[in-house]
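Report on the following structure.
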Amino acid sequence: MHGSVTTEAQRSLRRLLAVLAAASLLVTGLFATGGASPAQAAAAGPKDTIAVLFSYTWNQIAKECESTLGPAGYGYVQTSPPQEHVRGSQWWTYYQPVSYKLETRMGTEAEFTSMVQRCKDAGVGVIVDAVINHMSGKSEGGTGWAGTPFQHYDYPGLYSSSDFHNCRKDITNYQDRYDVQNCNLVNLSDLDTSSDHVQQTIADYLNRFVDMGVAGFRIDAVKHIAAQDMAGIWNRVRKKDSLYVVQEVIRANEPVQPEEYISIGDVHEFGFARKLKEAFGGSRIDWLISGAGIGGSWEGFLKQEDAAVFVDNHDTERNQETLSYKDGKSYDLAQAFTLAWPYGSPSVHSGYAFSDKDAGPALDGQGRVIDPAPGQNGWTFKHAQNDIQNMVGFRVATYGTAVANQWSSPDGSAMAFSRGDKGFIALNNGNGQVQREFTTSLPDGKYYNVITAKRTGGTWSGDTVTVAGGKFTATVSAKTALALHAGAKVESCVDVSAPSTPAAVSAKVDGGSLAVSWQASSDDCGVSGYDVVRTGGSGGAVTKTVTGTTLTDKTFSAATAYTYTVTARDASGKSSAASAPATVTTPEAPVVTGTSVYYKAPSGWSKAYMHYRSGTGAWTTAPGTEMAPVAGLAGWFSATVDAADGAALTAAFNNGGGTWDNNGDKNYAIPAGPEWSVSERKVVAGTPDKPVVTGSSVYYQAPAGWTKAYLHYRVGTAAWTTAPGVEMTPVEGIPGWFKASIEAPAGTATTAAFNNGAGAWDNNGGNNYAIPTGPAWSVSGGSVNAGAPQKPVAPKPLAGKLDLFYKTGPGWSTANAHYQVGAGAWTAAPGIAMAAVSSCVSGNGWYRLTIDSGTAANVTVAFNNGAGAWDNNGGKNYTFTTDVAAVSAGKVTTADPCGVIS
């Protein structure tokens with residue numbers, strides 16, 4: 001041996017002595033007020049490895065606990081932060097809380113609670129990533145994932161402005177303790193953690209998880225919380241002595257140091273990961289085990305009993321401070337070394353591949369994380385990689401043993417060491433193979449190389465190495481390792497007895513399945529599997545075979561009793577007696593009713609799809625159910641879906657082309673009921689009202705030379721007619737005028753343009769014509785006027801009275817008629833004031849005067865505005881010989897232009 005390292009057993013002993021020492025200080029009166037009662041500083045052995053399932057959904061974490069983490073020997077699983085966070089697709093949204101609601105894009109509170117219990121049942125404790133130093137970094141405020149409104153320094157019902165530090169600017173000087181612990185970390189609103197209210201609020205949040213049964217916490221950004229504040233928070237947490245805590249304090253040449261926080265729990269030793277990159281990212285790795293080896297004896301490293309170690313985490317894999325999955329075999333070798341070396345409590349980071357350092361995981365149409373699956377959406381599944389999960393088993397098998405038999409190659413690229421008489425590992429970081437005789441403390445026998453061998457249940461298969469007299473010869477290829485341990489020894493076994501009978505069989509309804517579990521059987525040569533027999537229902541007896549101690553049964557009928565018995569088998573074919581039966585009765589089938597959902601699509605959508613789930617059931621496959629257009633309701637679509645009686649629908653809508661309306665990430669909650677309408681993010685009972693449709697007649701005076709006229713139009717925001725549009729019919733008795741009838745909802749204007757069907761258009765100078773709702777509208781000379789055009793009538797000769805109309809031009813606010821009757825005298829200038837016509841079918845600007853003409857055959861008139869402006873028909877004056885006359889822009893007609901003559 002070249003020296004010794006502190007073992008895990010010594011680490012636990014030191015923690016016990018530290019606790020006892022603290023107790024003696026209490027007795028002698030030397031206790032310093034404000035210190036925190038320590039948590040379980042070291043993760044409990046022998047299963048002290050944490051799987052950090054970064055960005056994993058709660059449902060998938062539960063599955064990983066059952067299928068991989070528990071069987072592999074992981075002691076803990078660390079979640080991403082579970083509180084409500086800001087909206088966005090980036091990974092760092094989780095680290096910007098807006099409330100302490102347990103609703104995130106990884107799952108719901110109910111799913112989180114279920115995950116904690118399922119992991120606990122699988123022998124894996126849950127570590128919660130707790131963000132308690134700050135809230136969001138949104139200066140403009142906003143609405144959180146679960147719909148909670150917030151401002152940068154105001155979180156209704158949780159924190160107000162007075163609950164934050166007064167600095168309110170970004171940290172600029174890490175050499176200033178005040179700056180680091182009172183100012184904002186990248187604009188994240190920094191909580192005043194010295195406040196009694198803030199400390200209790202945070203503790204209440206942590207205690208919710210304690211009551212759920214979590215195993216501990218990873219506390220984010222602890223460097224930015226004063227140690228006495230952290231102690232004040234921690235002293236309010238229930239059952240803290242049984243919890244494992246690991247704190248993020250990045251060591252640097254600064255006033256705030258990791259050792260300030262070790263009274264509470266472990267602290268991440270970032271120096272360990274940096275040294276691993278230096279070693280495995282280069283060539284020489286031998287110096288990692290030189291002397292006492294990397295660990296608490298190294299300058300600037302935490303003591304063995306206070307350190308939590310890792311190869312990388314979610315920050316360092318992005319800022320390239322450490323190795324990451326992108327480093328391939330070098331990264332895997334560093335993981336194997338970390339799990340084999342007895343320093344600190346190790347974490348295995350398992351996330352997803354990325355090219356953009358801000359990129360979050362794959363999301364569905366509602367912004368939720370898609371359940372991770374191997375080979376999909378870039379998930380690395382490092383925690384389940386064969387060599388890594390088998391090295392977790394190596395750590396369990398070698399826990400508490402000392403390092404011995406250190407060896408390194410002359411060039412330092414390869415090294416090896418034993419872990420007592422329980423394990424041995426050789427690592428080759430070089431570019432060529434290493435073939436030699438190794439020395440080990442393992443007992444003689446044949447062992448599986450757990451780097452390449454595979455384990456199924458309790459059975460190993462793969463490459464083996466034979467140890468004889470403490471020696472063995474092996475070849476370690478470039479960038480690989482070889483690892484042996486006592487738990488993966490090839491045992492020759494004479495099978496004499498059958499397995500013991502499975503005990504404690506239970507069966508229960510678990511959501512949409514039946515969950516059956518039992519205690520493992522024992523056997524002199526190991527149990528190879530279990531036969532589970534189900535009876536009940538119409539299918540008779542059914543046998544299912546599993547290797548573990550749980551069965552999930554998804555094929556069953558409602559309101560039916562099923563009984564399960566379990567029999568254990570060994571490799572030689574011997575079987576135990578059948579277990580005591582466990583019976584479960586499935587619930588009544590839900591009453592399914594039809595719910596009709598009406599949806600008003602945004603402008604531009606030609607189709608609509610409804611993506612939904614009933615109650616807590618599964619979502620439809622995106623884009624969902626195609627909705628049908630509602631006749632008579634432009635822009636509305638409908639679909640009738642089945643829903644369990646009394647179960648609400650959760651829905652989002654899309655156009656089938658990638659554009660979604662998910663109610664601002666909150667989805668739509670549609671209660672149980674026959675009919676519901678969704679419009680402008682509101683859900684109301686019943687069907688949408690069909691608009692009152694009225695008919696309108698549109699009259700158009702075509703330009704000279706047009707023999708036909710077409711009306712090209714759209715109603716409101718609906719689609720345009722197909723060009724050239726609707727052919728108009730000539731108006732009888734009014735040459736040059738055409739007519740068409742259209743239907744439009746009350747209050748909805750029509751936009752129109754006219755053409756002759758041969759390419760000549762009148763679109764009002766590119767502006768089109770806006771035609772309001774109403775029974776009749778006339779379009780002539782660029783103007784739109786209410787009413788139908790008047791049929792021309794034969795003029796009547798002047799017979800005692802002249803009804804005279806005059807339309808003023810620009811700048812005229814009054815009109816006067818200066819006239820003479822027959823050959824009589826002229827009126828005194830400016831003449832007689834004309835009366836403005838208040839309502840005229842031909843538009844505004846008309847004036848009227850009735851002139852007594854006596855027996856005269858004509859009346860001669862000139863018009864003026866009383867201010868010197870005259871219209872005297874170009875010096876010729878106007879001469880009228882009919883009983884009605886109208887003048888507009890120099891033109892004289894003999895019809896009432898305003899429709900006011902009775």
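Each chain in the structure tokens gets a letter, A, B, ..., in the order shown, and its residues are numbered from 1; ligands are numbered from 1 in order too.
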
Surrounding residues of Ala776 (chain A) excluding itself and chain neighbours under 3 positions, 10 Å, only C-alpha atoms, as a PyMOL selection string: chain A and resi 695-699+739+741+771-773+785-789

Long-range neighbours of Asp364 (chain A) as an NGL selection string, 10 Å cut-off, only C-alpha atoms, 4 positions minimum in chain: :A and (105 or 368-371 or 622)

Atomic separation - CA of Asp327 (chain A) relative to CA of Trp298 (chain A), Å: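 That distance, rounded to one decimal, is 25.8 Å.
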
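For the choices A:Gly282, A:Gly487, A:Gly232, A:Gly88, the atom-to-atom distance to Asp358 (chain A) is smallest for A:Gly88 when using only C-alpha atoms.
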
Atomic distance CA of Ile289 (chain A) - CA of Phe301 (chain A), expressed in Å with one decimal: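 So the two atoms, CA of Ile289 (chain A) and CA of Phe301 (chain A), lie 15.0 Å apart.
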
Return as CSV the residues of region 444-525 of chain A lying at most 12 Å from region 113-130 of chain A, together with the closest atom-to-atom pair for each and the distance in Å to one decimal, counting only C-alpha atoms, with rows in chain order and ascending residue number.
```
residue,atom,partner,partner_atom,distance
A:Asp510,CA,A:Ser114,CA,10.1
A:Gly511,CA,A:Ser114,CA,10.6
A:Ala515,CA,A:Arg118,CA,11.3
A:Ser517,CA,A:Asp121,CA,10.1
A:Trp518,CA,A:Asp121,CA,11.2
A:Gln519,CA,A:Asp121,CA,11.4
```

Residue contacts of Ser528 (chain A) (7 Å, only C-alpha atoms) excluding same-chain residues fewer than 6 positions away, as a PyMOL selection string: chain A and resi 547+569-571

Would you mind exporting all heavy atoms of the selected residues as a PDB file, in the first residue's frame?
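Below you can see result_9.pdb, which holds the result:
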```pdb
ATOM      1  N   THR A 547     -39.617 -11.899 -13.000  1.00  0.00           N
ATOM      2  CA  THR A 547     -38.374 -12.173 -12.267  1.00  0.00           C
ATOM      3  C   THR A 547     -38.293 -11.382 -10.966  1.00  0.00           C
ATOM      4  O   THR A 547     -37.549 -11.752 -10.059  1.00  0.00           O
ATOM      5  CB  THR A 547     -37.148 -11.825 -13.131  1.00  0.00           C
ATOM      6  OG1 THR A 547     -37.241 -10.456 -13.531  1.00  0.00           O
ATOM      7  CG2 THR A 547     -37.081 -12.709 -14.363  1.00  0.00           C
ATOM      8  N   ARG A 569     -39.663 -20.082  -8.262  1.00  0.00           N
ATOM      9  CA  ARG A 569     -38.914 -21.121  -8.966  1.00  0.00           C
ATOM     10  C   ARG A 569     -37.421 -20.866  -8.849  1.00  0.00           C
ATOM     11  O   ARG A 569     -36.992 -19.715  -8.760  1.00  0.00           O
ATOM     12  CB  ARG A 569     -39.271 -21.129 -10.460  1.00  0.00           C
ATOM     13  CG  ARG A 569     -40.660 -21.598 -10.804  1.00  0.00           C
ATOM     14  CD  ARG A 569     -40.891 -21.516 -12.308  1.00  0.00           C
ATOM     15  NE  ARG A 569     -41.036 -20.142 -12.782  1.00  0.00           N
ATOM     16  CZ  ARG A 569     -40.078 -19.444 -13.351  1.00  0.00           C
ATOM     17  NH1 ARG A 569     -38.873 -19.975 -13.506  1.00  0.00           N
ATOM     18  NH2 ARG A 569     -40.285 -18.203 -13.754  1.00  0.00           N
ATOM     19  N   ASP A 570     -36.614 -21.953  -8.866  1.00  0.00           N
ATOM     20  CA  ASP A 570     -35.167 -21.773  -8.937  1.00  0.00           C
ATOM     21  C   ASP A 570     -34.655 -22.302 -10.272  1.00  0.00           C
ATOM     22  O   ASP A 570     -35.426 -22.829 -11.096  1.00  0.00           O
ATOM     23  CB  ASP A 570     -34.441 -22.428  -7.751  1.00  0.00           C
ATOM     24  CG  ASP A 570     -34.640 -23.941  -7.674  1.00  0.00           C
ATOM     25  OD1 ASP A 570     -34.953 -24.560  -8.716  1.00  0.00           O
ATOM     26  OD2 ASP A 570     -34.471 -24.505  -6.576  1.00  0.00           O
ATOM     27  N   ALA A 571     -33.345 -22.161 -10.497  1.00  0.00           N
ATOM     28  CA  ALA A 571     -32.787 -22.496 -11.802  1.00  0.00           C
ATOM     29  C   ALA A 571     -32.855 -23.982 -12.122  1.00  0.00           C
ATOM     30  O   ALA A 571     -32.844 -24.378 -13.293  1.00  0.00           O
ATOM     31  CB  ALA A 571     -31.337 -22.008 -11.874  1.00  0.00           C
TER      32      ALA A 571
END
```

Point-to-point distance from CA of Met212 (chain A) to CA of Phe112 (chain A), Å rounded to tenths: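 A separation of 9.3 Å between them.
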
Backbone DSSP call of alpha helix (DSSP H) for region 217-374 of chain A, listed as a VMD selection string: chain A and resid 227 to 234 270 to 280 316 to 319 329 to 340

Minimum-distance residue to Pro581 (chain A), chosen among A:Asn655, A:Leu551, A:Asp286, A:Val505 (using only C-alpha atoms):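 Checking each candidate against Pro581 (chain A), we get A:Val505 as the closest.
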
Residue nearest Lys796 (chain A) - candidates A:Thr894, A:Gln257, A:Thr338, A:Thr729, atoms counted: only C-alpha atoms: A:Thr894

Residue among A:Ser902, A:Thr68, A:Glu109, A:Ser99 lying closest to Gln385 (chain A), counting only C-alpha atoms: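 For Gln385 (chain A), the nearest of the given residues is A:Thr68.
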
Ser418 (chain A) surroundings by only C-alpha atoms, 9 Å radius, close-in-sequence under 5 positions cut, as a PyMOL selection string: chain A and resi 402-406+423-426+439-442

Write a file of the just-selected residues containing C-alpha atoms, as a PDB file, in the first residue's frame.
```
ATOM      1  CA  ALA A 402     -10.181   0.236   2.563  1.00  0.00           C
ATOM      2  CA  VAL A 403      -8.146   0.812  -0.571  1.00  0.00           C
ATOM      3  CA  ALA A 404      -5.274  -1.642  -1.141  1.00  0.00           C
ATOM      4  CA  ASN A 405      -3.071  -3.041  -3.885  1.00  0.00           C
ATOM      5  CA  GLN A 406      -2.693   0.257  -5.748  1.00  0.00           C
ATOM      6  CA  GLY A 423     -13.704  -5.718  -4.901  1.00  0.00           C
ATOM      7  CA  PHE A 424     -11.079  -4.776  -7.456  1.00  0.00           C
ATOM      8  CA  ILE A 425     -11.015  -2.316 -10.362  1.00  0.00           C
ATOM      9  CA  ALA A 426      -8.557  -1.525 -13.162  1.00  0.00           C
ATOM     10  CA  THR A 439      -2.762  -8.427  -7.466  1.00  0.00           C
ATOM     11  CA  THR A 440      -6.042  -8.460  -5.544  1.00  0.00           C
ATOM     12  CA  SER A 441      -7.318  -9.211  -2.055  1.00  0.00           C
ATOM     13  CA  LEU A 442     -10.387 -11.006  -3.440  1.00  0.00           C
TER      14      LEU A 442
END
```

Which of region 691-810 of chain A DSSP labels strand (DSSP E), written as an MDAnalysis selection string: chainID A and resid 693:701 710:715 726:727 729:730 737:745 750:755 761:762 769:771 776:780 783:786 801:807

Using only C-alpha atoms: which of A:Gly843, A:Val311, A:Ser783, A:Ala862 has the shortest distance to Ala815 (chain A):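 Under the stated criterion, the closest residue is A:Ala862.
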
For Thr148 (chain A): contacts at 8 Å, only C-alpha atoms, fewer than 3 positions along chain excluded, given as a JSON list (two decimals) with N, CA, C and O atoms, in the first residue's frame:
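Contents of selection11.json, as written:
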```json
[["chain", "number", "residue", "atom", "x", "y", "z"],
["A", 98, "VAL", "N", -42.31, 30.61, -8.75],
["A", 98, "VAL", "CA", -43.31, 31.68, -8.65],
["A", 98, "VAL", "C", -44.33, 31.37, -7.56],
["A", 98, "VAL", "O", -45.09, 32.25, -7.15],
["A", 99, "SER", "N", -44.37, 30.13, -7.12],
["A", 99, "SER", "CA", -45.20, 29.74, -5.97],
["A", 99, "SER", "C", -44.65, 28.41, -5.46],
["A", 99, "SER", "O", -43.76, 27.82, -6.08],
["A", 143, "THR", "N", -47.14, 35.17, -15.42],
["A", 143, "THR", "CA", -48.02, 34.12, -14.89],
["A", 143, "THR", "C", -47.25, 32.82, -14.90],
["A", 143, "THR", "O", -46.60, 32.48, -15.89],
["A", 144, "GLY", "N", -47.30, 32.09, -13.80],
["A", 144, "GLY", "CA", -46.54, 30.86, -13.66],
["A", 144, "GLY", "C", -47.15, 29.69, -14.40],
["A", 144, "GLY", "O", -48.24, 29.78, -14.98],
["A", 145, "TRP", "N", -46.45, 28.56, -14.35],
["A", 145, "TRP", "CA", -46.87, 27.34, -15.06],
["A", 145, "TRP", "C", -48.30, 26.94, -14.68],
["A", 145, "TRP", "O", -49.08, 26.54, -15.54]]
```

Shell around Cys840 (chain A) at 10 Å using only C-alpha atoms, local window under 3 positions removed, as a list of chain:residue names: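 Everything that qualifies: A:Asn785, A:Ala786, A:Gly787, A:Ala836, A:Val837, A:Gly843, A:Asn844, A:Gly845, A:Trp846, A:Tyr847, A:Asp896, A:Pro897, A:Cys898, A:Gly899, A:Val900.
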